[in-house]
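Reproduced below: model_37.cif, with mmCIF, C-alpha atoms.
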data_run
loop_
_atom_site.label_atom_id
_atom_site.label_comp_id
_atom_site.auth_asym_id
_atom_site.auth_seq_id
_atom_site.Cartn_x
_atom_site.Cartn_y
_atom_site.Cartn_z
CA MET I 1 64.40 81.22 -115.11
CA LYS I 2 65.18 84.61 -113.62
CA ARG I 3 62.32 86.93 -112.74
CA PHE I 4 63.62 89.61 -115.21
CA GLU I 5 63.70 87.14 -118.09
CA LEU I 6 60.20 85.92 -117.23
CA TRP I 7 58.70 89.42 -117.26
CA THR I 8 60.57 90.29 -120.47
CA GLY I 9 59.16 87.23 -122.21
CA LEU I 10 55.61 88.03 -121.09
CA TRP I 11 55.98 91.64 -122.25
CA VAL I 12 57.20 90.65 -125.72
CA PHE I 13 54.42 88.08 -126.08
CA THR I 14 51.74 90.61 -125.07
CA LEU I 15 53.15 93.27 -127.43
CA SER I 16 53.09 90.85 -130.35
CA LEU I 17 49.43 90.05 -129.69
CA VAL I 18 48.53 93.74 -129.59
CA LEU I 19 50.39 94.50 -132.83
CA GLY I 20 48.81 91.52 -134.52
CA PHE I 21 45.30 92.56 -133.46
CA THR I 22 45.98 96.15 -134.62
CA SER I 23 47.07 94.97 -138.05
CA VAL I 24 43.87 92.97 -138.44
CA VAL I 25 41.60 95.81 -137.34
CA GLY I 26 43.39 98.31 -139.59
CA SER I 27 43.36 96.08 -142.64
CA GLU I 28 40.31 97.88 -144.10
CA ASP I 29 42.30 101.14 -144.52
CA VAL I 30 45.28 99.59 -146.29
CA PRO I 31 45.11 98.23 -149.84
CA THR I 32 45.50 94.50 -149.79
CA ASP I 33 45.75 91.70 -152.25
CA ASP I 34 43.12 89.00 -152.63
CA GLY I 35 44.67 86.92 -149.86
CA ASP I 36 44.36 89.76 -147.33
CA SER I 37 40.77 90.37 -148.48
CA ASP I 38 39.88 86.76 -147.80
CA THR I 39 41.39 87.04 -144.34
CA SER I 40 39.33 90.17 -143.64
CA GLU I 41 36.16 88.44 -144.78
CA VAL I 42 36.89 85.49 -142.51
CA VAL I 43 37.38 87.82 -139.55
CA GLU I 44 34.17 89.70 -140.34
CA GLU I 45 32.25 86.46 -140.70
CA SER I 46 33.68 85.27 -137.40
CA LEU I 47 32.72 88.50 -135.66
CA GLY I 48 29.26 88.36 -137.25
CA ALA I 49 28.82 84.79 -136.08
CA GLU I 50 29.74 85.85 -132.55
CA VAL I 51 27.16 88.68 -132.65
CA GLU I 52 24.51 86.32 -133.98
CA SER I 53 25.44 83.81 -131.27
CA GLU I 54 25.09 86.46 -128.57
CA THR I 55 21.73 87.50 -130.04
CA ASP I 56 20.55 83.90 -129.98
CA VAL I 57 21.62 83.56 -126.34
CA GLU I 58 19.77 86.75 -125.42
CA ALA I 59 16.69 85.52 -127.25
CA GLU I 60 16.87 82.20 -125.40
CA GLU I 61 17.27 84.04 -122.08
CA ASP I 62 14.23 86.21 -122.89
CA ALA I 63 12.23 83.11 -123.78
CA SER I 64 13.41 81.41 -120.60
CA SER I 65 12.41 84.49 -118.60
CA GLU I 66 8.97 84.46 -120.20
CA ASP I 67 8.62 80.78 -119.34
CA ALA I 68 9.64 81.54 -115.75
CA GLU I 69 7.01 84.26 -115.53
CA GLU I 70 4.48 81.86 -116.99
CA ILE I 71 5.39 79.25 -114.36
CA SER I 72 5.24 81.83 -111.62
CA ASP I 73 1.72 82.84 -112.58
CA GLU I 74 0.20 79.47 -113.40
CA GLU I 75 2.21 76.73 -111.73
CA ALA I 76 4.01 78.21 -108.71
CA PHE I 77 0.97 77.65 -106.50
CA ASP I 78 0.71 73.97 -107.44
CA LEU I 79 4.46 73.49 -107.06
CA ALA I 80 4.37 75.03 -103.58
CA ILE I 81 1.66 72.66 -102.35
CA GLU I 82 3.07 69.61 -104.10
CA ASP I 83 3.05 66.46 -101.90
CA ALA I 84 0.97 68.23 -99.24
CA ASP I 85 -2.45 67.11 -98.00
CA LYS I 86 -5.18 69.73 -98.29
CA LEU I 87 -7.24 70.30 -95.14
CA ASN I 88 -10.44 72.27 -95.74
CA GLY I 89 -11.52 74.43 -92.84
CA LEU I 90 -11.91 77.97 -91.55
CA ILE I 91 -8.76 78.68 -93.57
CA ASP I 92 -7.65 76.03 -96.06
CA LEU I 93 -4.36 74.39 -95.10
CA TYR I 94 -1.74 72.30 -96.90
CA TYR I 95 0.05 69.94 -94.52
CA ASN I 96 3.17 68.01 -95.45
CA GLU I 97 3.56 65.66 -92.50
CA GLU I 98 6.83 64.18 -93.76
CA ARG I 99 8.50 67.58 -94.01
CA GLY I 100 6.67 68.99 -91.01
CA THR I 101 5.45 72.08 -92.89
CA ILE I 102 2.07 73.78 -92.93
CA LEU I 103 0.92 76.30 -95.55
CA ALA I 104 -2.23 78.43 -95.39
CA GLU I 105 -4.29 79.80 -98.27
CA ILE I 106 -5.61 83.24 -97.34
CA ASP I 107 -8.62 84.36 -99.38
CA PRO I 108 -9.00 88.07 -100.15
CA ASP I 109 -12.11 88.30 -97.95
CA GLN I 110 -10.13 86.85 -95.03
CA LEU I 111 -7.86 89.87 -94.95
CA ASP I 112 -8.57 92.58 -92.34
CA ARG I 113 -10.98 90.28 -90.51
CA LEU I 114 -10.66 89.76 -86.75
CA TYR I 115 -9.51 86.35 -85.54
CA LEU I 116 -8.76 84.95 -82.09
CA LEU I 117 -5.59 82.92 -81.52
CA VAL I 118 -5.40 81.07 -78.19
CA VAL I 119 -2.09 79.57 -77.05
CA THR I 120 -2.12 76.86 -74.36
CA LEU I 121 0.50 74.53 -72.94
CA SER I 122 -0.44 71.02 -74.02
CA ARG I 123 2.63 69.45 -72.41
CA GLY I 124 4.50 70.74 -69.38
CA ILE I 125 7.21 69.72 -66.92
CA GLY I 126 5.15 69.76 -63.72
CA GLU I 127 6.85 72.74 -62.07
CA LEU I 128 7.90 76.36 -62.57
CA GLY I 129 4.33 77.06 -63.68
CA LEU I 130 4.89 75.01 -66.84
CA VAL I 131 1.92 72.69 -66.40
CA ASN I 132 -0.41 71.05 -68.88
CA GLY I 133 -3.37 73.27 -69.75
CA MET I 134 -1.82 76.54 -68.61
CA PRO I 135 -2.91 79.48 -70.83
CA MET I 136 0.00 81.18 -72.58
CA GLY I 137 -1.83 84.06 -74.26
CA ASP I 138 -4.85 85.13 -76.28
CA PHE I 139 -4.39 87.28 -79.37
CA THR I 140 -7.02 89.17 -81.32
CA PHE I 141 -5.45 89.73 -84.73
CA LYS I 142 -6.03 90.23 -88.43
CA PHE I 143 -4.14 89.42 -91.61
CA GLN I 144 -3.04 92.55 -93.47
CA LYS I 145 -1.47 92.53 -96.94
CA GLN I 146 1.32 94.93 -97.79
CA GLY I 147 2.97 94.39 -101.16
CA GLU I 148 4.24 90.82 -101.34
CA THR I 149 3.92 90.27 -97.59
CA ILE I 150 1.06 89.40 -95.26
CA HIS I 151 1.38 90.65 -91.69
CA LEU I 152 -0.15 89.26 -88.50
CA VAL I 153 -1.35 92.46 -86.84
CA LEU I 154 -2.80 92.97 -83.37
CA PRO I 155 -5.15 95.96 -83.65
CA ASN I 156 -5.04 98.44 -80.80
CA LEU I 157 -8.35 97.86 -79.02
CA ASN I 158 -7.38 99.89 -75.96
CA PHE I 159 -8.78 103.08 -77.48
CA ARG I 160 -12.12 103.36 -79.27
CA TYR I 161 -14.89 105.66 -80.36
CA ASP I 162 -18.29 104.29 -79.42
CA GLN I 163 -20.85 106.70 -80.82
CA SER I 164 -19.82 110.26 -81.61
CA GLY I 165 -18.52 111.51 -84.96
CA ASP I 166 -17.99 109.90 -88.33
CA ARG I 167 -16.82 106.28 -88.08
CA GLY I 168 -14.30 106.60 -90.90
CA VAL I 169 -12.81 109.81 -89.53
CA ASN I 170 -12.64 108.34 -86.04
CA GLN I 171 -10.78 105.29 -87.28
CA ALA I 172 -8.31 107.50 -89.15
CA VAL I 173 -7.66 109.43 -85.94
CA LEU I 174 -7.07 106.20 -84.02
CA ASP I 175 -4.75 104.82 -86.70
CA ARG I 176 -2.58 107.94 -86.59
CA SER I 177 -2.61 108.30 -82.82
CA PHE I 178 -2.09 104.78 -81.48
CA SER I 179 0.05 102.05 -82.99
CA ASP I 180 -1.02 98.50 -83.71
CA SER I 181 1.45 95.67 -83.08
CA THR I 182 2.76 93.52 -85.93
CA LEU I 183 3.91 90.24 -84.40
CA TYR I 184 4.84 88.30 -87.53
CA SER I 185 5.24 88.70 -91.28
CA PHE I 186 4.76 86.07 -93.99
CA PRO I 187 6.25 86.37 -97.49
CA ILE I 188 3.62 85.45 -100.10
CA LEU I 189 4.84 82.21 -101.67
CA ALA I 190 2.34 82.19 -104.54
CA THR I 191 -0.94 83.73 -105.65
CA HIS I 192 -3.66 81.52 -107.06
CA PRO I 193 -4.54 82.85 -110.55
CA ASP I 194 -8.26 82.07 -110.29
CA ARG I 195 -9.12 82.44 -106.59
CA GLU I 196 -6.66 85.33 -106.15
CA SER I 197 -5.76 83.82 -102.78
CA TYR I 198 -2.36 84.06 -101.13
CA LEU I 199 -0.21 81.15 -99.99
CA ILE I 200 1.87 81.65 -96.83
CA ASP I 201 3.99 79.38 -94.64
CA LEU I 202 2.87 79.09 -90.99
CA THR I 203 5.57 76.62 -89.92
CA ASP I 204 8.04 79.04 -88.35
CA LEU I 205 5.26 80.92 -86.56
CA LEU I 206 4.04 77.73 -84.90
CA VAL I 207 7.39 76.07 -84.19
CA THR I 208 10.21 78.59 -83.82
CA SER I 209 8.61 81.95 -83.04
CA ASP I 210 8.07 83.25 -79.53
CA LEU I 211 4.47 84.27 -80.07
CA SER I 212 3.54 83.83 -76.42
CA GLY I 213 6.53 85.95 -75.40
CA PHE I 214 7.63 83.68 -72.57
CA GLN I 215 10.90 82.47 -74.08
CA GLY I 216 12.49 85.54 -72.55
CA TRP I 217 11.66 84.17 -69.12
CA LEU I 218 13.20 80.81 -70.01
CA GLY I 219 16.21 82.70 -71.33
CA PHE I 220 16.51 84.36 -67.94
CA LEU I 221 16.69 80.88 -66.40
CA GLY I 222 19.38 79.89 -68.91
CA TYR I 223 17.42 78.02 -71.60
CA THR I 224 17.28 78.74 -75.33
CA PRO I 225 15.15 77.05 -78.03
CA ASP I 226 16.56 73.78 -79.35
CA LEU I 227 15.53 73.76 -83.00
CA LEU I 228 16.72 70.20 -83.61
CA THR I 229 14.14 68.87 -81.14
CA SER I 230 11.31 71.19 -82.22
CA TYR I 231 8.66 70.16 -84.70
CA LEU I 232 5.02 70.42 -85.75
CA ARG I 233 3.16 67.52 -84.15
CA ASP I 234 -0.51 67.84 -85.10
CA VAL I 235 -2.72 69.84 -87.48
CA ARG I 236 -6.52 69.79 -87.62
CA ALA I 237 -8.92 71.91 -89.64
CA TYR I 238 -12.59 72.49 -88.80
CA PRO I 239 -15.18 74.83 -90.33
CA LYS I 240 -15.03 77.23 -87.37
CA ASN I 241 -11.51 76.74 -86.04
CA LEU I 242 -8.01 75.46 -86.75
CA GLU I 243 -5.96 73.46 -84.25
CA PHE I 244 -2.17 73.15 -84.25
CA GLU I 245 0.23 71.54 -81.80
CA SER I 246 3.98 71.94 -81.82
CA ILE I 247 6.68 70.44 -79.64
CA VAL I 248 9.42 72.93 -78.81
CA GLY I 249 12.69 71.82 -77.22
CA PHE I 250 14.77 73.95 -74.86
CA ALA I 251 18.37 73.39 -73.80
CA GLY I 252 20.96 75.16 -71.70
CA GLU I 253 22.82 75.41 -68.42
CA PRO I 254 20.22 76.97 -66.09
CA TRP I 255 21.02 78.52 -62.74
CA ILE I 256 17.81 76.96 -61.40
CA TRP I 257 17.60 73.21 -61.88
CA PRO I 258 14.09 71.84 -62.46
CA GLU I 259 13.73 68.79 -60.24
CA THR I 260 11.21 66.95 -62.41
CA LEU I 261 13.52 66.40 -65.39
CA PRO I 262 15.71 63.35 -65.99
CA ASP I 263 18.40 65.81 -67.15
CA TYR I 264 18.07 69.49 -66.30
CA ARG I 265 19.90 70.53 -69.49
CA GLN I 266 17.02 69.80 -71.87
CA PHE I 267 13.23 69.55 -71.88
CA SER I 268 10.34 69.88 -74.33
CA LEU I 269 7.04 71.75 -74.08
CA GLY I 270 3.89 71.27 -76.10
CA PHE I 271 2.04 74.32 -77.44
CA ARG I 272 -1.55 74.17 -78.67
CA TYR I 273 -2.65 76.96 -81.02
CA SER I 274 -6.40 77.37 -81.49
CA LEU I 275 -7.41 79.80 -84.23
CA SER I 276 -11.02 80.88 -84.70
CA GLU I 277 -12.84 83.83 -86.15
CA LEU I 278 -13.89 86.37 -83.56
CA PRO I 279 -17.66 85.80 -83.46
CA ASN I 280 -20.03 88.56 -84.39
CA ASN I 281 -22.91 88.22 -81.95
CA PRO I 282 -25.18 91.24 -82.48
CA ASP I 283 -27.70 89.92 -79.93
CA PHE I 284 -25.17 89.94 -77.10
CA ARG I 285 -25.53 92.98 -74.87
CA PRO I 286 -22.30 94.11 -73.16
CA ARG I 287 -22.87 94.86 -69.51
CA ALA I 288 -21.09 97.60 -67.59
CA ALA I 289 -19.22 96.55 -64.47
CA ASP I 290 -20.41 97.52 -61.00
CA ASN I 291 -17.86 98.12 -58.26
CA ARG I 292 -20.14 96.38 -55.76
CA VAL I 293 -19.76 93.02 -57.51
CA GLY I 294 -16.51 91.28 -58.44
CA TYR I 295 -16.05 90.25 -62.08
CA PHE I 296 -13.23 89.75 -64.48
CA LEU I 297 -13.25 92.75 -66.80
CA SER I 298 -12.61 93.80 -70.39
CA ALA I 299 -11.68 97.48 -70.37
CA TYR I 300 -10.84 100.20 -72.87
CA GLN I 301 -10.80 103.99 -73.18
CA ASN I 302 -13.70 105.65 -74.97
CA LEU I 303 -12.54 108.80 -76.78
CA ASP I 304 -16.01 110.14 -77.58
CA GLU I 305 -16.19 113.89 -77.03
CA THR I 306 -19.43 113.44 -75.10
CA ARG I 307 -17.68 111.20 -72.60
CA GLU I 308 -17.12 112.42 -69.06
CA ALA I 309 -13.67 112.93 -67.58
CA ASN I 310 -13.33 109.21 -66.81
CA ARG I 311 -12.87 107.67 -70.24
CA PHE I 312 -12.51 104.08 -69.06
CA VAL I 313 -15.25 101.63 -70.00
CA ARG I 314 -15.30 98.42 -67.99
CA LEU I 315 -17.34 95.48 -69.26
CA ILE I 316 -17.95 92.36 -67.22
CA GLN I 317 -16.96 89.05 -68.74
CA ARG I 318 -20.02 86.81 -68.87
CA TRP I 319 -21.67 83.96 -70.76
CA ASP I 320 -24.33 84.68 -73.34
CA LEU I 321 -27.37 83.17 -71.61
CA LYS I 322 -30.88 83.85 -72.89
CA LYS I 323 -34.10 82.44 -71.49
CA ARG I 324 -35.92 79.98 -73.69
CA ASP I 325 -39.15 81.52 -72.33
CA PRO I 326 -38.49 85.21 -71.69
CA GLU I 327 -41.80 85.61 -69.82
CA ALA I 328 -41.16 82.81 -67.31
CA GLU I 329 -39.70 83.56 -63.91
CA LEU I 330 -37.50 80.46 -64.23
CA SER I 331 -36.61 79.11 -67.65
CA PRO I 332 -33.96 76.86 -69.21
CA PRO I 333 -31.51 78.76 -71.41
CA GLU I 334 -31.72 78.68 -75.18
CA LYS I 335 -28.15 77.38 -75.18
CA PRO I 336 -26.80 75.97 -71.91
CA ILE I 337 -23.19 76.18 -70.78
CA VAL I 338 -21.70 72.71 -71.34
CA PHE I 339 -18.61 71.52 -69.48
CA TRP I 340 -16.80 68.33 -70.44
CA ILE I 341 -14.92 66.31 -67.82
CA GLU I 342 -11.60 65.45 -69.45
CA ASN I 343 -10.89 61.75 -69.78
CA THR I 344 -7.70 62.19 -67.73
CA VAL I 345 -9.76 62.87 -64.57
CA PRO I 346 -9.45 59.69 -62.45
CA PRO I 347 -12.72 57.69 -62.57
CA GLU I 348 -13.01 57.71 -58.78
CA HIS I 349 -13.16 61.53 -58.80
CA ARG I 350 -15.46 62.10 -61.77
CA GLN I 351 -18.73 62.04 -59.84
CA ALA I 352 -17.41 64.54 -57.31
CA VAL I 353 -16.24 66.81 -60.13
CA ARG I 354 -19.64 66.52 -61.80
CA ASP I 355 -21.48 67.38 -58.59
CA GLY I 356 -19.22 70.36 -57.98
CA ILE I 357 -19.89 71.81 -61.43
CA LEU I 358 -23.65 71.31 -61.23
CA SER I 359 -23.77 73.02 -57.83
CA TRP I 360 -23.31 76.31 -59.68
CA ASN I 361 -26.82 75.96 -61.08
CA ALA I 362 -28.15 77.21 -57.74
CA ALA I 363 -26.49 80.57 -58.41
CA PHE I 364 -27.91 80.77 -61.93
CA GLU I 365 -31.40 80.11 -60.59
CA GLN I 366 -31.13 83.43 -58.78
CA ALA I 367 -30.74 84.97 -62.23
CA GLY I 368 -33.84 83.16 -63.54
CA PHE I 369 -32.23 80.13 -65.26
CA ILE I 370 -32.91 76.43 -64.70
CA ASN I 371 -30.14 73.98 -65.61
CA ALA I 372 -27.93 76.71 -67.00
CA ILE I 373 -24.94 74.34 -66.80
CA GLU I 374 -24.71 70.80 -68.16
CA VAL I 375 -21.91 68.29 -67.61
CA ARG I 376 -20.75 65.62 -70.05
CA GLN I 377 -17.98 63.06 -69.98
CA MET I 378 -15.24 63.24 -72.61
CA PRO I 379 -14.97 59.81 -74.31
CA ASP I 380 -11.68 57.97 -74.19
CA ASP I 381 -11.70 57.83 -78.00
CA ALA I 382 -12.69 61.47 -78.52
CA ASP I 383 -11.51 62.96 -81.82
CA TRP I 384 -11.00 66.40 -80.26
CA ASP I 385 -8.53 67.81 -77.75
CA PRO I 386 -9.29 69.65 -74.50
CA GLU I 387 -7.52 72.75 -75.87
CA ASP I 388 -10.07 72.97 -78.70
CA VAL I 389 -11.85 76.31 -78.25
CA ARG I 390 -15.20 74.71 -79.12
CA TYR I 391 -15.24 72.80 -75.83
CA ASN I 392 -15.35 73.94 -72.20
CA THR I 393 -13.42 71.40 -70.14
CA VAL I 394 -12.49 70.47 -66.59
CA ARG I 395 -8.96 69.11 -66.72
CA TRP I 396 -6.79 67.11 -64.34
CA LEU I 397 -3.07 67.74 -64.02
CA THR I 398 -0.25 66.62 -61.79
CA THR I 399 2.55 68.83 -60.51
CA GLU I 400 5.69 68.24 -58.45
CA SER I 401 4.35 70.40 -55.61
CA THR I 402 0.77 71.56 -55.23
CA SER I 403 0.80 75.33 -55.82
CA PHE I 404 -2.94 75.74 -56.42
CA ALA I 405 -6.11 73.71 -56.01
CA GLY I 406 -7.51 74.86 -59.32
CA ILE I 407 -7.73 77.77 -61.74
CA GLY I 408 -10.35 78.68 -64.32
CA PRO I 409 -8.92 80.59 -67.29
CA SER I 410 -11.37 81.67 -69.98
CA ARG I 411 -11.24 83.22 -73.46
CA VAL I 412 -13.23 86.36 -74.05
CA ASN I 413 -14.31 88.55 -76.94
CA PRO I 414 -12.36 91.73 -76.07
CA LEU I 415 -14.90 93.90 -77.90
CA THR I 416 -17.90 92.84 -75.81
CA GLY I 417 -16.78 90.81 -72.79
CA GLU I 418 -18.60 87.66 -73.96
CA ILE I 419 -16.99 84.47 -72.64
CA LEU I 420 -16.29 82.16 -75.56
CA ASP I 421 -14.55 79.24 -73.88
CA ALA I 422 -13.33 78.16 -70.44
CA ASP I 423 -11.03 75.39 -69.22
CA ILE I 424 -10.86 74.58 -65.51
CA LEU I 425 -7.58 73.11 -64.25
CA ILE I 426 -7.61 70.95 -61.11
CA ASP I 427 -4.30 70.00 -59.54
CA GLY I 428 -4.52 66.33 -58.59
CA GLY I 429 -2.18 67.03 -55.69
CA ILE I 430 -5.02 68.72 -53.83
CA ALA I 431 -6.88 65.41 -53.67
CA ARG I 432 -3.81 63.70 -52.22
CA LEU I 433 -3.37 66.53 -49.75
CA ALA I 434 -7.00 66.34 -48.64
CA SER I 435 -6.78 62.57 -48.23
CA SER I 436 -3.65 62.83 -46.10
CA GLN I 437 -5.26 65.41 -43.82
CA VAL I 438 -8.42 63.34 -43.36
CA ALA I 439 -6.37 60.25 -42.61
#
Step by step, read the file and then write its structure as structure tokens.
Amino acid sequence: MKRFELWTGLWVFTLSLVLGFTSVVGSEDVPTDDGDSDTSEVVEESLGAEVESETDVEAEEDASSEDAEEISDEEAFDLAIEDADKLNGLIDLYYNEERGTILAEIDPDQLDRLYLLVVTLSRGIGELGLVNGMPMGDFTFKFQKQGETIHLVLPNLNFRYDQSGDRGVNQAVLDRSFSDSTLYSFPILATHPDRESYLIDLTDLLVTSDLSGFQGWLGFLGYTPDLLTSYLRDVRAYPKNLEFESIVGFAGEPWIWPETLPDYRQFSLGFRYSLSELPNNPDFRPRAADNRVGYFLSAYQNLDETREANRFVRLIQRWDLKKRDPEAELSPPEKPIVFWIENTVPPEHRQAVRDGILSWNAAFEQAGFINAIEVRQMPDDADWDPEDVRYNTVRWLTTESTSFAGIGPSRVNPLTGEILDADILIDGGIARLASSQVA
């Protein structure tokens, strides 16, 4: 058929439909016989049926919407945690091991409260500074709710008012003058109707986010995260802390080839996340630093108007030791400092490690304490990990080349300088080096 004939046919067909529809619509204005009246009634009934049908559909949609709202309020929480194991602890968790997901239930009174998140390497590669036990960052943070989102916020503790002025006014000045840092945001998945608690998903934070901020350095080397080989490995909940471990894969074509890998194009690191509430210890007395003695410091700027030109306040980082008998010249502490020798320390070196730790008691005796430090052996079947912030440990690691004999990172309350936890890392290579020199 020619194109002209095709278009002509379509035009005639369309025109006939229009004229036919017009005659039906205009039938009310033209006198008709009984047959035409019946036709009109049929059309009106048909149109009425369509209107009623549309009304019914709208009513069903409204009812369905109401049901959805009802589900959202009463059942969404249970649906979100379906097939997950509940772990009661500092913050209640819902762990689905099969899916590798972890949800947290944030109570209203857990908002705007200070927590400490400690990130440690639990699995390394033995070089490039990526060694087991290496600290990757400590974060003092709080959960803040904004609308349907909960933010992980690092408050700005670099500037404070200590004494002068109204506390509320001072805080308002700080809030408007110096920014906090929001490192992560969690959409609220559901709100419990009775507890009024908020359900959020921690999985991406623990597995795919760069909370420690060191992925940029790996990116400089030529590695990017490999999501297919990244997963949540372990979750534990305790009354005073939460423990998470994730395995994160990295892949790429680096310009520096790590020599410890079977294939330089891919490796995996383990990250241990220890979350605890920042302790409120009103009996601890912060102590100002003295330039004549070397200490690690916690520092901030005091904005009190009564402060001298130098606004910096430097607090020494120290353990909270108190004499059991305050009147005695020498007294055991109320609570000694306990170090655990990790079960990875070779048995032939454990006694030497123990003696080395206990030798520090001589220094504490000068401060009036007897047996300030105790040493215990971590059992082979221990149900806790060395990265757990409740335990001070001495750990043994092995590297490709000995870059240090040992380091002693600690976690500190940034508000007071109180040492909360310490983990000593000893490079086993130093023992081999010493043996070779003696031989």
Evaluate the PyMOL selection byres ((chain I and resi 356-365) around 12) and report residues as an NGL selection string: :I and (319 or 321-323 or 329-333 or 336-341 or 349-355 or 366-376 or 392-394 or 424)
Wanna dump the segment 76-160 of chain I-segment 199-222 of chain I contacts at 10 Å for me, each residue with its shortest atom pair and the distance in Å to one decimal, counting all atoms listed in the file, ordered by chain and number, as JSON lines?
{"residue": "I:Phe77", "atom": "CA", "partner": "I:Leu199", "partner_atom": "CA", "distance": 7.5}
{"residue": "I:Ala80", "atom": "CA", "partner": "I:Leu199", "partner_atom": "CA", "distance": 8.4}
{"residue": "I:Ile81", "atom": "CA", "partner": "I:Leu199", "partner_atom": "CA", "distance": 9.0}
{"residue": "I:Asp92", "atom": "CA", "partner": "I:Leu199", "partner_atom": "CA", "distance": 9.8}
{"residue": "I:Leu93", "atom": "CA", "partner": "I:Leu199", "partner_atom": "CA", "distance": 9.3}
{"residue": "I:Tyr94", "atom": "CA", "partner": "I:Asp201", "partner_atom": "CA", "distance": 9.4}
{"residue": "I:Tyr95", "atom": "CA", "partner": "I:Thr203", "partner_atom": "CA", "distance": 9.8}
{"residue": "I:Gly100", "atom": "CA", "partner": "I:Thr203", "partner_atom": "CA", "distance": 7.8}
{"residue": "I:Thr101", "atom": "CA", "partner": "I:Thr203", "partner_atom": "CA", "distance": 5.4}
{"residue": "I:Ile102", "atom": "CA", "partner": "I:Thr203", "partner_atom": "CA", "distance": 5.4}
{"residue": "I:Leu103", "atom": "CA", "partner": "I:Asp201", "partner_atom": "CA", "distance": 4.4}
{"residue": "I:Ala104", "atom": "CA", "partner": "I:Ile200", "partner_atom": "CA", "distance": 5.4}
{"residue": "I:Glu105", "atom": "CA", "partner": "I:Leu199", "partner_atom": "CA", "distance": 4.6}
{"residue": "I:Ile106", "atom": "CA", "partner": "I:Leu199", "partner_atom": "CA", "distance": 6.4}
{"residue": "I:Asp107", "atom": "CA", "partner": "I:Leu199", "partner_atom": "CA", "distance": 9.0}
{"residue": "I:Val118", "atom": "CA", "partner": "I:Ser212", "partner_atom": "CA", "distance": 9.5}
{"residue": "I:Val119", "atom": "CA", "partner": "I:Ser212", "partner_atom": "CA", "distance": 7.1}
{"residue": "I:Thr120", "atom": "CA", "partner": "I:Ser212", "partner_atom": "CA", "distance": 9.2}
{"residue": "I:Pro135", "atom": "CA", "partner": "I:Ser212", "partner_atom": "CA", "distance": 9.6}
{"residue": "I:Met136", "atom": "CA", "partner": "I:Ser212", "partner_atom": "CA", "distance": 5.9}
{"residue": "I:Gly137", "atom": "CA", "partner": "I:Ser212", "partner_atom": "CA", "distance": 5.8}
{"residue": "I:Asp138", "atom": "CA", "partner": "I:Ser212", "partner_atom": "CA", "distance": 8.5}
{"residue": "I:Phe139", "atom": "CA", "partner": "I:Ser212", "partner_atom": "CA", "distance": 9.1}
{"residue": "I:Thr149", "atom": "CA", "partner": "I:Ile200", "partner_atom": "CA", "distance": 8.9}
{"residue": "I:Ile150", "atom": "CA", "partner": "I:Ile200", "partner_atom": "CA", "distance": 7.9}
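Reported to one decimal place, the separation of atom CA of Leu275 of chain I from atom CA of Asn96 of chain I is 19.4 Å.
Excluding segment 416-422 of chain I and any residue on its chain fewer than 3 positions from it, the residues at most 7 Å away by all atoms listed in the file are Pro286, Ser298, Leu315, Ile316, Gln317, Arg318, Trp319, Asp320, Val389, Arg390, Tyr391, Asn392, Thr393, Gly408, Pro409, Ser410, Arg411, Val412 and Asn413 of chain I.
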Within 8 Å of (8.0, 73.8, -62.1) (file coordinates; only C-alpha atoms), which protein or nucleic acid residues are there? I'd like them as an NGL selection string. :I and (125-131 or 258-260 or 399-400)
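Here atom CA of Gly133 of chain I is placed at a distance of 27.0 Å from atom CA of Asn88 of chain I.
Of the residues under consideration (I:Ile426, I:Ala289, I:Ala405, I:Ile71), I:Ala289 shows the shortest atom-to-atom contact distance to Arg314 of chain I when counting all atoms listed in the file.
Going from atom CA of Leu183 of chain I to atom CA of Phe141 of chain I covers 9.4 Å.
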Using the chain letters and residue numbers of this document, give as a PyMOL selection string the residues selected by the PyMOL selection byres ((chain I and resi 244) around 8). chain I and resi 206+232-236+242-243+245-246+272-274
Could you tell me which residues the PyMOL selection byres ((chain I and resi 427) around 6) returns for this structure, as an MDAnalysis selection string? chainID I and resid 397:398 405:406 426 428:430
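Of the listed residues (I:Phe284, I:Trp396, I:Trp384, I:Trp257), I:Trp384 comes nearest to Ala237 of chain I; the distances count all atoms listed in the file.
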Counting only C-alpha atoms, figure out which residue out of I:Ala309, I:Ala190, I:Val169, I:Leu154 gets nearest to Leu79 of chain I. I:Ala190
Residues near segment 178-182 of chain I, cut-off 9 Å, all atoms listed in the file, skip fewer than 2 positions along chain, as an mmCIF file with C-alpha atoms, keeping the file's coordinate frame:
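part.cif written:
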data_model
loop_
_atom_site.group_PDB
_atom_site.id
_atom_site.type_symbol
_atom_site.label_atom_id
_atom_site.label_comp_id
_atom_site.auth_asym_id
_atom_site.auth_seq_id
_atom_site.Cartn_x
_atom_site.Cartn_y
_atom_site.Cartn_z
ATOM 1 C CA HIS I 151 1.380 90.650 -91.690
ATOM 2 C CA LEU I 152 -0.150 89.260 -88.500
ATOM 3 C CA VAL I 153 -1.350 92.460 -86.840
ATOM 4 C CA LEU I 154 -2.800 92.970 -83.370
ATOM 5 C CA PRO I 155 -5.150 95.960 -83.650
ATOM 6 C CA ASN I 156 -5.040 98.440 -80.800
ATOM 7 C CA LEU I 157 -8.350 97.860 -79.020
ATOM 8 C CA PHE I 159 -8.780 103.080 -77.480
ATOM 9 C CA VAL I 173 -7.660 109.430 -85.940
ATOM 10 C CA LEU I 174 -7.070 106.200 -84.020
ATOM 11 C CA ASP I 175 -4.750 104.820 -86.700
ATOM 12 C CA ARG I 176 -2.580 107.940 -86.590
ATOM 13 C CA TYR I 184 4.840 88.300 -87.530
ATOM 14 C CA SER I 185 5.240 88.700 -91.280
#
